[in-house]
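Peer 1: Sharing a structure with you now.
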Amino acid sequence: MTDRLGAYQRIFGTGPRGLALSLATLAATWAVTHFINAAPIHGYDGFGLGALLVSIAVTAAGVAWSLKSLPLSSRGRELITSGAFRHVRHPLYASFLLSFDFGLALYLDHWIYMLWALAQFPLWHANVAGEERLMHETFGKAYVVYAARTGRFVPKWRASRA
């Protein structure tokens, strides 16, 4: 990310916009649930709460690892390829996409929330495209090589075996 970025964008990237999109689609999904009469996913309050609590813990661990791997002072200034970034290019976002969203869907106990959780992947792929373009402009070939061996949100099998 280049000097064109202000401190806010350097620190937060596309996260706030993605969060707003996720919350907007969650609200739309909630509105739709009133018109769809579907069987619950599991039907047990305790299971849903347990799934949500586990997903919050896993998400918090992923966020902490992500923040530890990329200190604020390095954001947009260094290409970090170690720690959480060794496995995925966007570990903070991945923590929410892979854990929290599905835990929330199980807690809300309606199949349409599972569809919402799945729909977050293409939404976030589109959301981070500009961020990745800036990374490519800033770090050039080094970023291209890094991006080829790591997934955006899900680790690539070959990279995790190496």
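Identifiers in this document derive from the order of the structure tokens: chains are assigned A, B, ..., residues are numbered from 1 separately in each chain, and ligands are numbered from 1 in order of occurrence.
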If we count only C-alpha atoms, what is near stretch 50-52 of chain A at a cut-off of 12 Å, once residues fewer than 5 positions away on the same chain are taken out, given as a list in words?
Peer 2: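 Non-adjacent residues within range: His42, Tyr44, Asp45, Ala57, Val58, Thr59, Phe96, Ser99, Phe100, Asp101, Phe102, Gly103, Leu104, Ala105, Leu106, Tyr107, Leu108 and Asp109 of chain A.
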Peer 1: Save out the residues we just selected, N, CA and C atoms, as a PDB file, in the first residue's frame.
Peer 2:
ATOM      1  N   HIS A  42     -30.720 -27.211  13.761  1.00  0.00           N
ATOM      2  CA  HIS A  42     -30.518 -28.211  14.812  1.00  0.00           C
ATOM      3  C   HIS A  42     -31.642 -28.205  15.842  1.00  0.00           C
ATOM      4  N   TYR A  44     -31.717 -26.962  18.899  1.00  0.00           N
ATOM      5  CA  TYR A  44     -31.306 -27.013  20.304  1.00  0.00           C
ATOM      6  C   TYR A  44     -30.632 -25.703  20.695  1.00  0.00           C
ATOM      7  N   ASP A  45     -31.230 -24.973  21.639  1.00  0.00           N
ATOM      8  CA  ASP A  45     -30.673 -23.687  22.062  1.00  0.00           C
ATOM      9  C   ASP A  45     -29.241 -23.822  22.567  1.00  0.00           C
ATOM     10  N   ALA A  57     -14.409 -17.702  20.288  1.00  0.00           N
ATOM     11  CA  ALA A  57     -13.062 -18.002  20.801  1.00  0.00           C
ATOM     12  C   ALA A  57     -12.078 -18.246  19.655  1.00  0.00           C
ATOM     13  N   VAL A  58     -12.486 -19.019  18.662  1.00  0.00           N
ATOM     14  CA  VAL A  58     -11.609 -19.303  17.516  1.00  0.00           C
ATOM     15  C   VAL A  58     -11.345 -18.030  16.724  1.00  0.00           C
ATOM     16  N   THR A  59     -12.372 -17.229  16.536  1.00  0.00           N
ATOM     17  CA  THR A  59     -12.211 -15.960  15.817  1.00  0.00           C
ATOM     18  C   THR A  59     -11.264 -15.033  16.578  1.00  0.00           C
ATOM     19  N   PHE A  96     -13.095 -14.360  10.632  1.00  0.00           N
ATOM     20  CA  PHE A  96     -14.541 -14.125  10.673  1.00  0.00           C
ATOM     21  C   PHE A  96     -15.269 -14.999   9.661  1.00  0.00           C
ATOM     22  N   SER A  99     -14.976 -18.905  10.764  1.00  0.00           N
ATOM     23  CA  SER A  99     -15.431 -19.319  12.085  1.00  0.00           C
ATOM     24  C   SER A  99     -16.674 -18.565  12.560  1.00  0.00           C
ATOM     25  N   PHE A 100     -16.541 -17.265  12.745  1.00  0.00           N
ATOM     26  CA  PHE A 100     -17.630 -16.512  13.365  1.00  0.00           C
ATOM     27  C   PHE A 100     -18.929 -16.591  12.576  1.00  0.00           C
ATOM     28  N   ASP A 101     -18.855 -16.390  11.265  1.00  0.00           N
ATOM     29  CA  ASP A 101     -20.085 -16.363  10.463  1.00  0.00           C
ATOM     30  C   ASP A 101     -20.874 -17.668  10.588  1.00  0.00           C
ATOM     31  N   PHE A 102     -20.166 -18.796  10.575  1.00  0.00           N
ATOM     32  CA  PHE A 102     -20.868 -20.081  10.675  1.00  0.00           C
ATOM     33  C   PHE A 102     -21.357 -20.342  12.099  1.00  0.00           C
ATOM     34  N   GLY A 103     -20.601 -19.887  13.102  1.00  0.00           N
ATOM     35  CA  GLY A 103     -21.074 -19.988  14.484  1.00  0.00           C
ATOM     36  C   GLY A 103     -22.330 -19.163  14.695  1.00  0.00           C
ATOM     37  N   LEU A 104     -22.364 -17.972  14.112  1.00  0.00           N
ATOM     38  CA  LEU A 104     -23.559 -17.127  14.206  1.00  0.00           C
ATOM     39  C   LEU A 104     -24.738 -17.791  13.497  1.00  0.00           C
ATOM     40  N   ALA A 105     -24.484 -18.384  12.345  1.00  0.00           N
ATOM     41  CA  ALA A 105     -25.556 -19.070  11.610  1.00  0.00           C
ATOM     42  C   ALA A 105     -26.132 -20.222  12.429  1.00  0.00           C
ATOM     43  N   LEU A 106     -25.266 -20.981  13.103  1.00  0.00           N
ATOM     44  CA  LEU A 106     -25.763 -22.074  13.951  1.00  0.00           C
ATOM     45  C   LEU A 106     -26.535 -21.532  15.146  1.00  0.00           C
ATOM     46  N   TYR A 107     -26.074 -20.429  15.693  1.00  0.00           N
ATOM     47  CA  TYR A 107     -26.782 -19.823  16.817  1.00  0.00           C
ATOM     48  C   TYR A 107     -28.170 -19.331  16.402  1.00  0.00           C
ATOM     49  N   LEU A 108     -28.264 -18.709  15.235  1.00  0.00           N
ATOM     50  CA  LEU A 108     -29.540 -18.182  14.750  1.00  0.00           C
ATOM     51  C   LEU A 108     -30.473 -19.291  14.259  1.00  0.00           C
ATOM     52  N   ASP A 109     -29.919 -20.468  13.985  1.00  0.00           N
ATOM     53  CA  ASP A 109     -30.673 -21.700  13.757  1.00  0.00           C
ATOM     54  C   ASP A 109     -31.711 -21.621  12.634  1.00  0.00           C
TER      55      ASP A 109
END
Peer 1: Residues of stretch 2-80 of chain A classed as alpha helix (DSSP H) by DSSP on the backbone are to be reported as number ranges by chain.
Peer 2: A: 7-12, 15-33, 45-69
Peer 1: From the options A:Ser55, A:Thr14, A:Asn37, A:Ser22, which residue's atoms come nearest to A:His110, counting only C-alpha atoms?
Peer 2: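 Residue with the minimum atom-to-atom distance to A:His110: A:Asn37.
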Peer 1: Find the spatial neighbours of A:Arg17, counting only C-alpha atoms, within a cut-off of 12 Å - ignore same-chain residues fewer than 2 positions away - and output them as an MDAnalysis selection string.
Peer 2: chainID A and resid 9 12:15 19:24 93 123:124 126:128 130:131
Peer 1: Figure out the distance between atom CA of A:Trp116 and atom CA of A:Thr25, please, to one decimal in Å.
Peer 2: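 Between atom CA of A:Thr25 and atom CA of A:Trp116 the gap works out to 7.4 Å.
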Peer 1: Could you check the closest approach to A:Ile36 for each of A:Leu92, A:Ile112, A:Leu97, A:Val154 and tell me which residue wins, using only C-alpha atoms?
Peer 2: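 Checking each candidate against A:Ile36, we get A:Ile112 as the closest.
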Peer 1: State, in Å with one decimal place, the distance from atom CA of A:Pro16 to atom CA of A:Thr138.
Peer 2: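 Computed distance, atom CA of A:Pro16 to atom CA of A:Thr138, equals 21.7 Å.
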